[in-house]
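Q: File run.tsv below, TSV, C-alpha atoms:
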chain	number	residue	atom	x	y	z
A	1	MET	CA	-20.47	18.17	33.09
A	2	TYR	CA	-20.50	16.98	36.71
A	3	LYS	CA	-22.92	18.43	39.23
A	4	SER	CA	-20.06	19.66	41.43
A	5	GLU	CA	-18.54	21.40	38.42
A	6	LYS	CA	-21.84	23.08	37.62
A	7	GLN	CA	-22.17	24.22	41.22
A	8	THR	CA	-18.64	25.62	41.22
A	9	ILE	CA	-19.29	27.52	37.99
A	10	PHE	CA	-22.54	28.85	39.43
A	11	TYR	CA	-20.97	29.99	42.72
A	12	VAL	CA	-17.98	31.64	41.04
A	13	LEU	CA	-20.21	33.37	38.49
A	14	ALA	CA	-22.57	34.55	41.23
A	15	LEU	CA	-19.70	35.97	43.30
A	16	TYR	CA	-17.98	37.52	40.28
A	17	LEU	CA	-21.16	39.02	38.86
A	18	SER	CA	-22.41	40.35	42.19
A	19	SER	CA	-19.08	42.10	42.84
A	20	THR	CA	-19.01	43.41	39.26
A	21	LEU	CA	-22.60	44.59	39.52
A	22	LEU	CA	-21.81	46.36	42.81
A	23	LEU	CA	-18.81	48.06	41.21
A	24	ILE	CA	-20.84	49.10	38.15
A	25	THR	CA	-23.67	50.40	40.33
A	26	THR	CA	-21.23	52.42	42.45
A	27	LEU	CA	-19.47	53.91	39.42
A	28	PHE	CA	-22.66	54.68	37.53
A	29	THR	CA	-24.36	56.15	40.61
A	30	GLY	CA	-21.35	58.36	41.23
A	31	TYR	CA	-21.34	59.42	37.58
A	32	TYR	CA	-25.08	60.14	37.68
A	33	PHE	CA	-24.78	62.42	40.71
A	34	TYR	CA	-21.71	64.07	39.21
A	35	LYS	CA	-23.67	64.90	36.04
A	36	GLN	CA	-26.54	66.13	38.21
A	37	GLU	CA	-24.22	68.48	40.13
A	38	GLU	CA	-22.68	69.60	36.87
A	39	LEU	CA	-26.13	70.35	35.45
A	40	ILE	CA	-27.14	72.29	38.60
A	41	HIS	CA	-23.96	74.36	38.35
A	42	THR	CA	-24.68	75.08	34.69
A	43	GLU	CA	-28.30	76.01	35.47
A	44	LYS	CA	-27.14	78.34	38.24
A	45	GLU	CA	-24.66	80.11	35.97
A	46	ILE	CA	-27.33	80.59	33.27
A	47	LEU	CA	-29.76	82.00	35.85
A	48	LYS	CA	-27.07	84.37	37.12
A	49	GLN	CA	-26.77	85.78	33.60
A	50	TYR	CA	-30.54	86.09	33.37
A	51	SER	CA	-30.54	87.88	36.73
A	52	LEU	CA	-27.96	90.40	35.45
A	53	THR	CA	-30.05	90.92	32.32
A	54	LEU	CA	-33.12	91.57	34.47
A	55	GLU	CA	-31.18	93.98	36.69
A	56	GLU	CA	-29.90	95.92	33.67
A	57	THR	CA	-33.39	96.08	32.21
A	58	LEU	CA	-34.86	97.29	35.53
A	59	LEU	CA	-32.19	100.01	35.67
A	60	SER	CA	-33.08	101.11	32.17
A	61	VAL	CA	-36.79	101.19	32.96
A	62	HIS	CA	-36.11	103.00	36.25
A	63	GLU	CA	-34.04	105.74	34.61
A	64	ASN	CA	-36.25	106.28	31.57
A	65	SER	CA	-39.72	105.81	33.00
A	66	ASP	CA	-42.30	108.46	33.61
A	67	GLU	CA	-45.41	107.92	35.70
A	68	LYS	CA	-46.31	104.84	33.66
A	69	TYR	CA	-44.00	101.95	32.81
A	70	GLU	CA	-44.30	98.37	31.66
A	71	TYR	CA	-42.65	95.50	33.61
A	72	PRO	CA	-40.08	93.79	31.32
A	73	ARG	CA	-40.74	90.34	29.83
A	74	PHE	CA	-38.15	87.93	28.43
A	75	LYS	CA	-38.37	84.96	26.07
A	76	ASN	CA	-35.81	82.79	27.87
A	77	PHE	CA	-36.97	83.22	31.44
A	78	LYS	CA	-39.61	84.60	33.77
A	79	SER	CA	-39.04	86.90	36.72
A	80	ALA	CA	-40.40	88.67	39.77
A	81	ILE	CA	-39.36	91.54	42.02
A	82	TYR	CA	-39.88	92.01	45.77
A	83	ASP	CA	-39.50	95.01	48.12
A	84	ILE	CA	-37.22	95.25	51.15
A	85	ASP	CA	-39.79	93.39	53.30
A	86	LYS	CA	-39.94	90.60	50.69
A	87	ASN	CA	-43.41	91.54	49.58
A	88	LEU	CA	-44.20	90.84	45.93
A	89	ILE	CA	-44.21	93.91	43.64
A	90	PHE	CA	-44.69	92.19	40.28
A	91	SER	CA	-44.29	88.67	38.90
A	92	THR	CA	-44.52	86.66	35.70
A	93	LEU	CA	-43.51	83.43	37.50
A	94	ASP	CA	-45.50	80.19	37.13
A	95	THR	CA	-45.53	79.53	40.89
A	96	LYS	CA	-45.66	81.57	44.05
A	97	ILE	CA	-42.35	81.87	45.89
A	98	GLU	CA	-42.59	81.77	49.67
A	99	ASN	CA	-38.93	81.76	50.67
A	100	LEU	CA	-36.21	84.10	49.36
A	101	ASP	CA	-33.46	82.93	51.76
A	102	LYS	CA	-31.76	80.58	49.27
A	103	ASP	CA	-30.00	82.06	46.26
A	104	PHE	CA	-30.71	78.93	44.15
A	105	PHE	CA	-33.35	76.21	44.41
A	106	VAL	CA	-35.53	73.90	42.31
A	107	LYS	CA	-39.30	73.68	42.60
A	108	ASP	CA	-41.92	71.99	40.37
A	109	SER	CA	-39.35	71.19	37.65
A	110	ASN	CA	-38.30	74.85	37.53
A	111	ALA	CA	-34.97	76.35	38.61
A	112	TYR	CA	-34.89	79.67	40.51
A	113	TYR	CA	-32.19	82.20	41.29
A	114	VAL	CA	-32.64	84.93	43.92
A	115	SER	CA	-30.53	88.12	43.80
A	116	SER	CA	-30.53	91.24	45.93
A	117	LEU	CA	-30.80	94.65	44.21
A	118	LYS	CA	-28.94	97.80	45.30
A	119	PRO	CA	-30.00	100.50	44.65
A	120	TYR	CA	-33.67	99.59	44.77
A	121	TYR	CA	-34.76	99.94	41.15
A	122	LEU	CA	-38.51	100.55	40.95
A	123	GLY	CA	-38.61	99.90	44.72
A	124	ALA	CA	-37.33	96.31	44.32
A	125	ALA	CA	-34.85	94.90	46.80
A	126	TYR	CA	-34.91	91.31	45.49
A	127	SER	CA	-35.28	89.76	42.06
A	128	VAL	CA	-36.14	86.17	41.17
A	129	VAL	CA	-35.57	84.61	37.79
A	130	GLU	CA	-37.14	81.31	36.68
A	131	LYS	CA	-36.44	78.82	33.90
A	132	LYS	CA	-37.43	75.27	33.10
A	133	LYS	CA	-34.96	72.84	34.66
A	134	LYS	CA	-33.12	70.81	32.07
A	135	PRO	CA	-33.77	67.07	32.66
A	136	ILE	CA	-30.91	64.59	33.03
A	137	ASN	CA	-31.22	62.25	30.06
A	138	ILE	CA	-28.31	59.95	30.88
A	139	LEU	CA	-30.20	57.44	33.07
A	140	ASN	CA	-31.43	55.28	30.19
A	141	ASP	CA	-27.99	55.38	28.59
A	142	LEU	CA	-26.43	54.28	31.88
A	143	ILE	CA	-28.87	51.37	32.21
A	144	ILE	CA	-28.20	50.21	28.64
A	145	SER	CA	-24.44	50.51	29.18
A	146	ALA	CA	-24.71	48.54	32.42
A	147	MET	CA	-26.66	45.74	30.70
A	148	ILE	CA	-24.05	45.54	27.95
A	149	VAL	CA	-21.20	45.42	30.47
A	150	ILE	CA	-22.97	42.75	32.57
A	151	THR	CA	-23.69	40.61	29.48
A	152	ILE	CA	-20.07	40.78	28.37
A	153	THR	CA	-18.96	40.00	31.93
A	154	ILE	CA	-21.24	36.93	32.10
A	155	ILE	CA	-19.91	35.56	28.81
A	156	THR	CA	-16.24	36.18	29.56
A	157	SER	CA	-16.43	34.99	33.17
A	158	PHE	CA	-18.22	31.77	32.11
A	159	PHE	CA	-15.41	30.88	29.71
A	160	LEU	CA	-12.76	31.92	32.25
A	161	VAL	CA	-14.31	29.69	34.95
A	162	LYS	CA	-14.53	26.74	32.55
A	163	LEU	CA	-10.89	27.30	31.62
A	164	VAL	CA	-9.85	27.35	35.29
A	165	LEU	CA	-11.87	24.17	35.98
A	166	LYS	CA	-10.43	22.29	32.99
A	167	PRO	CA	-7.69	20.53	35.04
A	168	LEU	CA	-10.33	19.32	37.52
A	169	ARG	CA	-12.55	18.12	34.66
A	170	ASP	CA	-9.62	16.26	33.08
A	171	ASN	CA	-8.78	14.56	36.38
A	172	LEU	CA	-12.37	13.44	36.86
A	173	ARG	CA	-12.41	12.09	33.32
A	174	LEU	CA	-9.23	10.13	34.01
A	175	LEU	CA	-10.81	8.75	37.18
A	176	ASP	CA	-13.90	7.66	35.25
A	177	ASN	CA	-11.74	5.99	32.63
A	178	PHE	CA	-9.78	4.22	35.35
A	179	ILE	CA	-13.01	2.96	36.93
A	180	LYS	CA	-14.26	1.79	33.54
A	181	GLU	CA	-11.10	-0.18	32.86
A	182	THR	CA	-11.02	-1.57	36.41
A	183	THR	CA	-14.63	-2.69	36.11
A	184	HIS	CA	-13.92	-4.48	32.87
A	185	GLU	CA	-10.99	-6.34	34.45
A	186	LEU	CA	-13.03	-7.31	37.55
A	187	ASN	CA	-15.82	-9.05	35.66
A	188	THR	CA	-14.16	-12.38	34.90
A	189	PRO	CA	-12.45	-13.07	38.27
A	190	ILE	CA	-15.55	-12.10	40.26
A	191	THR	CA	-17.75	-14.41	38.22
A	192	THR	CA	-15.23	-17.24	38.60
A	193	ILE	CA	-14.92	-16.81	42.38
A	194	LEU	CA	-18.66	-16.68	43.00
A	195	ALA	CA	-19.32	-19.66	40.74
A	196	ASN	CA	-16.70	-21.81	42.47
A	197	ILE	CA	-17.92	-20.86	45.96
A	198	GLU	CA	-21.39	-22.09	45.09
A	199	THR	CA	-20.02	-25.46	43.94
A	200	LEU	CA	-18.19	-26.10	47.20
A	201	ASP	CA	-19.82	-28.56	49.55
A	202	ALA	CA	-20.00	-26.90	52.98
A	203	LYS	CA	-20.83	-30.22	54.67
A	204	SER	CA	-17.50	-31.73	53.70
A	205	CYS	CA	-15.51	-28.87	55.24
A	206	ASP	CA	-14.20	-28.86	58.79
A	207	GLU	CA	-14.81	-25.91	61.09
A	208	LYS	CA	-11.55	-24.16	60.24
A	209	SER	CA	-12.09	-24.52	56.50
A	210	MET	CA	-15.67	-23.40	56.94
A	211	ARG	CA	-14.53	-20.14	58.55
A	212	LYS	CA	-12.12	-19.58	55.68
A	213	LEU	CA	-14.89	-20.26	53.19
A	214	GLN	CA	-17.16	-17.77	54.93
A	215	ARG	CA	-14.46	-15.09	54.80
A	216	ILE	CA	-13.92	-15.75	51.10
A	217	LYS	CA	-17.65	-15.55	50.49
A	218	THR	CA	-17.91	-12.27	52.43
A	219	ALA	CA	-15.02	-10.73	50.53
A	220	SER	CA	-16.49	-11.95	47.24
A	221	THR	CA	-19.86	-10.43	48.14
A	222	THR	CA	-18.20	-7.09	48.89
A	223	ILE	CA	-16.30	-7.10	45.60
A	224	SER	CA	-19.41	-8.18	43.70
A	225	ASN	CA	-21.45	-5.36	45.20
A	226	LEU	CA	-18.74	-2.84	44.30
A	227	TYR	CA	-18.61	-4.27	40.80
A	228	GLN	CA	-22.38	-3.87	40.38
A	229	ASP	CA	-22.12	-0.24	41.53
A	230	LEU	CA	-19.38	0.47	39.01
A	231	VAL	CA	-21.36	-1.14	36.19
A	232	TYR	CA	-24.42	0.90	37.13
A	233	LEU	CA	-22.37	4.10	37.31
A	234	LEU	CA	-20.88	3.56	33.87
A	235	LEU	CA	-23.96	2.25	32.06
A	236	ASN	CA	-26.77	4.11	33.83
A	237	HIS	CA	-27.20	6.68	31.04
A	238	GLN	CA	-26.83	4.10	28.26
A	239	ILE	CA	-29.48	1.58	29.31
A	240	SER	CA	-33.18	2.45	29.44
A	241	SER	CA	-35.17	1.51	32.55
A	242	GLN	CA	-37.19	-1.70	32.32
A	243	ASN	CA	-39.93	-0.74	34.75
A	244	GLU	CA	-42.28	-3.41	36.09
A	245	GLU	CA	-44.48	-4.05	39.12
A	246	LEU	CA	-41.97	-5.25	41.72
A	247	ASN	CA	-42.64	-7.02	44.99
A	248	LEU	CA	-40.41	-4.96	47.28
A	249	SER	CA	-40.98	-7.37	50.16
A	250	GLU	CA	-39.43	-10.28	48.26
A	251	ILE	CA	-36.55	-8.19	46.89
A	252	LEU	CA	-35.72	-6.75	50.31
A	253	ASN	CA	-35.67	-10.20	51.92
A	254	GLN	CA	-33.41	-11.47	49.14
A	255	ARG	CA	-30.97	-8.57	49.57
A	256	VAL	CA	-30.89	-8.96	53.35
A	257	HIS	CA	-30.09	-12.66	52.89
A	258	TYR	CA	-27.40	-11.74	50.34
A	259	PHE	CA	-25.65	-9.49	52.88
A	260	SER	CA	-26.25	-11.73	55.90
A	261	GLN	CA	-22.82	-13.37	55.58
A	262	MET	CA	-21.15	-9.95	55.65
A	263	ALA	CA	-23.19	-9.05	58.73
A	264	ASN	CA	-22.27	-12.31	60.46
A	265	VAL	CA	-18.55	-11.56	60.14
A	266	LYS	CA	-19.07	-8.42	62.29
A	267	LYS	CA	-21.43	-10.30	64.63
A	268	LEU	CA	-24.30	-8.00	63.69
A	269	ASN	CA	-27.93	-8.69	64.50
A	270	LEU	CA	-30.25	-8.09	61.54
A	271	ASP	CA	-33.66	-7.07	62.88
A	272	VAL	CA	-35.96	-7.37	59.86
A	273	ASP	CA	-39.60	-6.26	59.89
A	274	VAL	CA	-40.95	-6.52	56.34
A	275	LYS	CA	-44.61	-6.06	55.47
A	276	GLU	CA	-45.70	-8.62	52.91
A	277	ASP	CA	-46.68	-7.81	49.33
A	278	VAL	CA	-45.50	-4.20	49.08
A	279	TYR	CA	-45.39	-3.34	45.38
A	280	PHE	CA	-43.58	-0.57	43.50
A	281	ASN	CA	-43.25	0.09	39.77
A	282	ALA	CA	-39.57	0.42	38.87
A	283	ASP	CA	-36.54	-1.22	37.27
A	284	ARG	CA	-35.49	-4.25	39.31
A	285	GLN	CA	-31.75	-3.69	38.90
A	286	LYS	CA	-32.03	-0.07	40.07
A	287	ILE	CA	-34.12	-0.97	43.12
A	288	GLU	CA	-31.59	-3.65	44.04
A	289	ARG	CA	-28.75	-1.12	43.71
A	290	LEU	CA	-30.71	1.30	45.89
A	291	ILE	CA	-31.29	-1.25	48.67
A	292	ASP	CA	-27.79	-2.73	48.40
A	293	ASN	CA	-26.04	0.60	48.81
A	294	ILE	CA	-28.02	1.64	51.88
A	295	LEU	CA	-27.75	-1.80	53.46
A	296	SER	CA	-24.04	-2.29	52.70
A	297	ASN	CA	-23.24	1.19	54.11
A	298	ALA	CA	-25.10	0.31	57.29
A	299	ILE	CA	-23.07	-2.89	57.65
A	300	LYS	CA	-19.78	-1.25	56.69
A	301	TYR	CA	-19.98	1.73	59.06
A	302	THR	CA	-21.68	0.18	62.10
A	303	ASN	CA	-19.91	-1.21	65.14
A	304	LYS	CA	-19.48	-4.91	65.92
A	305	PHE	CA	-22.08	-6.69	68.05
A	306	THR	CA	-24.77	-4.09	67.28
A	307	THR	CA	-28.14	-4.24	65.54
A	308	ILE	CA	-29.17	-3.15	62.06
A	309	LYS	CA	-32.90	-2.63	61.81
A	310	VAL	CA	-34.70	-2.99	58.48
A	311	VAL	CA	-38.37	-1.94	58.35
A	312	LEU	CA	-40.61	-2.00	55.27
A	313	THR	CA	-44.16	-0.60	55.37
A	314	GLN	CA	-46.60	0.12	52.57
A	315	HIS	CA	-44.97	3.47	51.71
A	316	THR	CA	-41.62	3.58	53.56
A	317	LEU	CA	-38.37	1.69	53.88
A	318	SER	CA	-35.99	2.49	56.74
A	319	ILE	CA	-32.57	1.02	57.51
A	320	SER	CA	-30.86	2.09	60.74
A	321	ASP	CA	-27.54	1.19	62.34
A	322	GLU	CA	-25.65	1.87	65.57
A	323	GLY	CA	-22.43	3.01	63.96
A	324	LYS	CA	-20.16	6.04	63.71
A	325	GLY	CA	-22.83	8.43	62.50
A	326	MET	CA	-22.35	11.63	60.50
A	327	SER	CA	-22.37	15.37	61.15
A	328	GLN	CA	-24.89	17.68	59.47
A	329	ASP	CA	-22.11	19.06	57.23
A	330	GLU	CA	-21.31	15.54	56.04
A	331	ILE	CA	-24.98	14.79	55.39
A	332	SER	CA	-25.31	17.97	53.29
A	333	THR	CA	-22.55	16.78	50.91
A	334	ILE	CA	-23.18	13.04	51.04
A	335	PHE	CA	-24.63	12.83	47.51
A	336	GLN	CA	-21.51	14.21	45.83
A	337	ARG	CA	-19.75	11.63	43.68
A	338	TYR	CA	-16.43	10.31	45.09
A	339	ARG	CA	-17.26	11.90	48.46
A	340	ARG	CA	-15.80	9.78	51.29
A	341	PHE	CA	-15.81	10.61	55.00
A	342	ASP	CA	-13.99	7.57	56.38
A	343	LYS	CA	-10.79	6.80	54.43
A	344	THR	CA	-10.21	3.64	56.49
A	345	GLN	CA	-13.12	1.96	54.72
A	346	GLY	CA	-12.95	0.76	51.14
A	347	GLY	CA	-14.93	2.03	48.18
A	348	PHE	CA	-14.91	4.86	45.68
A	349	GLY	CA	-17.45	7.12	47.37
A	350	ILE	CA	-20.11	6.53	44.71
A	351	GLY	CA	-22.80	4.76	46.74
A	352	TYR	CA	-24.91	7.76	47.70
A	353	SER	CA	-24.42	9.31	44.27
A	354	ILE	CA	-26.11	6.20	42.83
A	355	ILE	CA	-28.81	6.37	45.51
A	356	LYS	CA	-29.51	10.00	44.58
A	357	SER	CA	-29.86	9.26	40.85
A	358	ILE	CA	-32.33	6.41	41.51
A	359	ILE	CA	-34.57	8.22	44.01
A	360	ASP	CA	-34.69	11.27	41.72
A	361	GLU	CA	-35.77	9.10	38.79
A	362	TYR	CA	-38.66	7.53	40.71
A	363	GLY	CA	-39.68	10.49	42.87
A	364	ILE	CA	-38.64	8.79	46.11
A	365	LYS	CA	-37.99	11.04	49.09
A	366	ILE	CA	-35.01	10.36	51.35
A	367	ASP	CA	-34.48	11.42	54.94
A	368	ILE	CA	-31.15	10.87	56.71
A	369	GLU	CA	-31.03	11.12	60.50
A	370	SER	CA	-27.61	10.71	62.06
A	371	GLU	CA	-25.75	11.42	65.28
A	372	ILE	CA	-22.03	11.05	65.85
A	373	GLN	CA	-21.14	7.77	67.60
A	374	LYS	CA	-24.83	6.83	67.90
A	375	GLY	CA	-25.78	5.74	64.41
A	376	THR	CA	-27.62	6.60	61.21
A	377	LYS	CA	-31.16	6.03	60.01
A	378	VAL	CA	-32.02	6.30	56.30
A	379	THR	CA	-35.71	6.46	55.41
A	380	LEU	CA	-37.14	6.23	51.90
A	381	SER	CA	-40.76	7.24	51.30
A	382	TRP	CA	-42.95	7.21	48.21
Would you kindly transcribe this structure into structure tokens?

A:
Amino acid sequence: MYKSEKQTIFYVLALYLSSTLLLITTLFTGYYFYKQEELIHTEKEILKQYSLTLEETLLSVHENSDEKYEYPRFKNFKSAIYDIDKNLIFSTLDTKIENLDKDFFVKDSNAYYVSSLKPYYLGAAYSVVEKKKKPINILNDLIISAMIVITITIITSFFLVKLVLKPLRDNLRLLDNFIKETTHELNTPITTILANIETLDAKSCDEKSMRKLQRIKTASTTISNLYQDLVYLLLNHQISSQNEELNLSEILNQRVHYFSQMANVKKLNLDVDVKEDVYFNADRQKIERLIDNILSNAIKYTNKFTTIKVVLTQHTLSISDEGKGMSQDEISTIFQRYRRFDKTQGGFGIGYSIIKSIIDEYGIKIDIESEIQKGTKVTLSW
């Protein structure tokens, strides 16, 4: 699975799940408060019945009492009575009630209902009944239901996204197969061209033929470099790294010399400042691909009659040009495979993808500084 495909799946899943989670949260929150209101209404109706029971009992006690009477008690609820000035007459409540203005309220996990009494039985103008508030036990069920829904959503959305991305995946596979077949067909003619160029005697050529020979050599170098990139791209995961202690100074000088003909065609000045005997443990072929891609990009995208500066220190390698430059948006997506910003230039858009895979393998840091129409500087540090 390609990195871009993974990112697309991740972004779509994140958007889909966040919107689904928001919807679930809204629905479940609304349902929770609905059940809470329903429970409060039920509690209030029960307390109203208890209040009527208390009032009937007070009437009975009032009509049948002599000088002594006993305040009624009930199994299902507790109660209290107050006079016209809201002073307590008698109470079996668990807590003291300070305010009788609300007809229904909840306090300390108890529900209360206040009712006025007329006539004033036993001198009481207000009655209060109390019962334990029934807890809402649906929260845990809602959380479990939400987790189940989210899990199902993740699974289904993952398969849906993969199904939607299947045409893109198939096209990328076709492109890879095309590159593989193209690479195979390029091998023989490239080898033949390069071998024959080396056998030509430059001294026996006149100036016009020499210019033609240089152009052929430059074109052959470009094709050869592209071929090496394609081979690396196709075989990178099939061949193990043959790491060894490499002299980066020697390799860099060799690669600069290799691309010097290409630079000469554009009348470029190669300003090379290479510290001697800089060593790094890595696979030679991968380090060459790393240097070649950065250097060839600098040559390809710079302007004629400008300078490319190559600097190697003990722990850094920087290659800068005076070319077209890139925007910050382009830099942020430069490592995507097949990403190309300038369609007028050749290539498949795989150079920086190869660079990324190599620097990640060896823990090399990369910093790209670029400004439109002023140039680009790529710095590797380790």

Q: Near Phe90 in chain A, within 9 Å and counting all atoms listed in the file, which residues show up once chain neighbours fewer than 4 positions away are dropped, as a count of residues only?

A: 5

Q: Name the residues in contact with Lys324 in chain A at a cut-off of 8 Å, using all atoms listed in the file, excluding same-chain residues fewer than 2 positions from it; report them as a list in words.

A: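 Using all atoms listed in the file, the neighbours found are Tyr301, Thr302, Asn303, Glu322, Met326, Glu371, Ile372, Gln373, Lys374, Gly375 and Thr376 of chain A.
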
Q: Write out as a compact mmCIF listing (two decimals) with C-alpha atoms, keeping the file's coordinate frame which residues come within 10 Å of Tyr120 in chain A when counting all atoms listed in the file, dropping same-chain ones fewer than 4 positions away.

A:
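result_11.txt was written with the following content:
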# COMPACT_ATOMS: atom_id res chain seq x y z
CA LEU A 58 -34.86 97.29 35.53
CA LEU A 59 -32.19 100.01 35.67
CA HIS A 62 -36.11 103.00 36.25
CA TYR A 82 -39.88 92.01 45.77
CA ASP A 83 -39.50 95.01 48.12
CA ILE A 84 -37.22 95.25 51.15
CA SER A 116 -30.53 91.24 45.93
CA ALA A 124 -37.33 96.31 44.32
CA ALA A 125 -34.85 94.90 46.80
CA TYR A 126 -34.91 91.31 45.49

Q: With all atoms listed in the file as the counted atoms, please give the residues lying no more than 8 Å from range 284-298 of chain A, apart from itself and same-chain residues fewer than 2 positions off, as a list in words.

A: Asn225, Gln228, Asp229, Gln242, Asn243, Glu244, Leu246, Ile251, Leu252, Arg255, Val256, Phe259, Ala282, Lys300, Tyr301, Thr302, Ile308, Ile319, Ser320, Asp321, Gly323, Gly351, Tyr352, Ile354, Ile355, Ile358, Thr376 and Val378 of chain A

Q: With C-alpha atoms retained, write the just-selected residues as a compact mmCIF listing (two decimals), in the frame of the given file.

A:
# COMPACT_ATOMS: atom_id res chain seq x y z
CA ASN A 225 -21.45 -5.36 45.20
CA GLN A 228 -22.38 -3.87 40.38
CA ASP A 229 -22.12 -0.24 41.53
CA GLN A 242 -37.19 -1.70 32.32
CA ASN A 243 -39.93 -0.74 34.75
CA GLU A 244 -42.28 -3.41 36.09
CA LEU A 246 -41.97 -5.25 41.72
CA ILE A 251 -36.55 -8.19 46.89
CA LEU A 252 -35.72 -6.75 50.31
CA ARG A 255 -30.97 -8.57 49.57
CA VAL A 256 -30.89 -8.96 53.35
CA PHE A 259 -25.65 -9.49 52.88
CA ALA A 282 -39.57 0.42 38.87
CA LYS A 300 -19.78 -1.25 56.69
CA TYR A 301 -19.98 1.73 59.06
CA THR A 302 -21.68 0.18 62.10
CA ILE A 308 -29.17 -3.15 62.06
CA ILE A 319 -32.57 1.02 57.51
CA SER A 320 -30.86 2.09 60.74
CA ASP A 321 -27.54 1.19 62.34
CA GLY A 323 -22.43 3.01 63.96
CA GLY A 351 -22.80 4.76 46.74
CA TYR A 352 -24.91 7.76 47.70
CA ILE A 354 -26.11 6.20 42.83
CA ILE A 355 -28.81 6.37 45.51
CA ILE A 358 -32.33 6.41 41.51
CA THR A 376 -27.62 6.60 61.21
CA VAL A 378 -32.02 6.30 56.30

Q: So how many Å separate CA of Ser357 in chain A and CA of Phe335 in chain A, to one decimal?

A: 9.2 Å

Q: Give the centre and edge lengths of an axis-aligned box, in Å to one decimal, that holds all listed atoms of range 38-43 of chain A with 6 Å on each side, as lines of an AutoDock Vina configuration file.

A:
center_x = -25.5
center_y = 72.8
center_z = 36.6
size_x = 17.6
size_y = 18.4
size_z = 15.9

Q: Between A:Asp85, A:Asn196, A:Thr306, A:Ser318, single out the one closest to Val272 in chain A, counting all atoms listed in the file.

A: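 When distances to Val272 in chain A are compared using all atoms listed in the file, the smallest one comes from A:Ser318.
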
Q: Could you tell me which of A:Ser249, A:Gln336, A:Gln214, A:Tyr232 comes closest to Asn264 in chain A if we count all atoms listed in the file?

A: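 Looking only at the distances to Asn264 in chain A, the closest residue turns out to be A:Gln214.
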
Q: Could you tell me how far CA of Leu160 in chain A lies from CA of Ser19 in chain A, in Å and to one decimal?

A: 16.0 Å

Q: May I have the residues within 7 Å of Ile364 in chain A as a PDB file with C-alpha atoms, in the frame of the given file, using all atoms listed in the file and disregarding those fewer than 3 positions away in the same chain?

A:
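Output file around.pdb is given in full below:
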ATOM      1  CA  ILE A 359     -34.570   8.220  44.010  1.00  0.00           C
ATOM      2  CA  ASP A 360     -34.690  11.270  41.720  1.00  0.00           C
ATOM      3  CA  LEU A 380     -37.140   6.230  51.900  1.00  0.00           C
ATOM      4  CA  SER A 381     -40.760   7.240  51.300  1.00  0.00           C
ATOM      5  CA  TRP A 382     -42.950   7.210  48.210  1.00  0.00           C
TER       6      TRP A 382
END

Q: A:Ile331, A:Ile223, A:Met147, A:Val278: which is nearest Val311 in chain A, counting all atoms listed in the file?

A: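 Answer, going by the shortest atom-to-atom distance: A:Val278.
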
Q: So, with only C-alpha atoms as the atoms that count, which of A:Thr8, A:Thr29, A:Gln36, A:Thr222 lies closest to Arg169 in chain A?

A: A:Thr8

Q: CA of Leu17 in chain A and CA of Tyr32 in chain A are how many Å apart?

A: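 CA of Tyr32 in chain A lies 21.5 Å from CA of Leu17 in chain A.
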
Q: Restricting the calculation to all atoms listed in the file: of A:Leu142, A:Ile216, A:Ile366, A:Ile193, which residue gets closest to Gly30 in chain A?

A: A:Leu142

Q: Using all atoms listed in the file, which of the listed residues (A:Ser260, A:Ser240, A:Thr42, A:Thr313) sits closest to Lys275 in chain A?

A: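 Using all atoms listed in the file, Lys275 in chain A sits closest to A:Thr313.
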
Q: Could I see range 258-266 of chain A restored to N, CA and C atoms, set down as a short mmCIF file (atom, residue, chain, number, x, y, z; two decimals), keeping the file's coordinate frame?

A:
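Final file, rebuild.cif:
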data_model
loop_
_atom_site.label_atom_id
_atom_site.label_comp_id
_atom_site.auth_asym_id
_atom_site.auth_seq_id
_atom_site.Cartn_x
_atom_site.Cartn_y
_atom_site.Cartn_z
N TYR A 258 -28.64 -11.86 51.10
CA TYR A 258 -27.40 -11.74 50.34
C TYR A 258 -26.29 -11.14 51.21
N PHE A 259 -26.64 -10.16 52.05
CA PHE A 259 -25.65 -9.49 52.88
C PHE A 259 -25.52 -10.10 54.28
N SER A 260 -26.26 -11.14 54.55
CA SER A 260 -26.25 -11.73 55.90
C SER A 260 -24.88 -12.27 56.27
N GLN A 261 -24.15 -12.85 55.29
CA GLN A 261 -22.82 -13.37 55.58
C GLN A 261 -21.87 -12.25 55.99
N MET A 262 -21.97 -11.10 55.31
CA MET A 262 -21.15 -9.95 55.65
C MET A 262 -21.48 -9.44 57.05
N ALA A 263 -22.77 -9.48 57.40
CA ALA A 263 -23.19 -9.05 58.73
C ALA A 263 -22.71 -10.01 59.80
N ASN A 264 -22.70 -11.30 59.49
CA ASN A 264 -22.27 -12.31 60.46
C ASN A 264 -20.80 -12.15 60.83
N VAL A 265 -19.98 -11.74 59.88
CA VAL A 265 -18.55 -11.56 60.14
C VAL A 265 -18.34 -10.53 61.24
N LYS A 266 -19.19 -9.46 61.26
CA LYS A 266 -19.07 -8.42 62.29
C LYS A 266 -19.98 -8.70 63.48
#
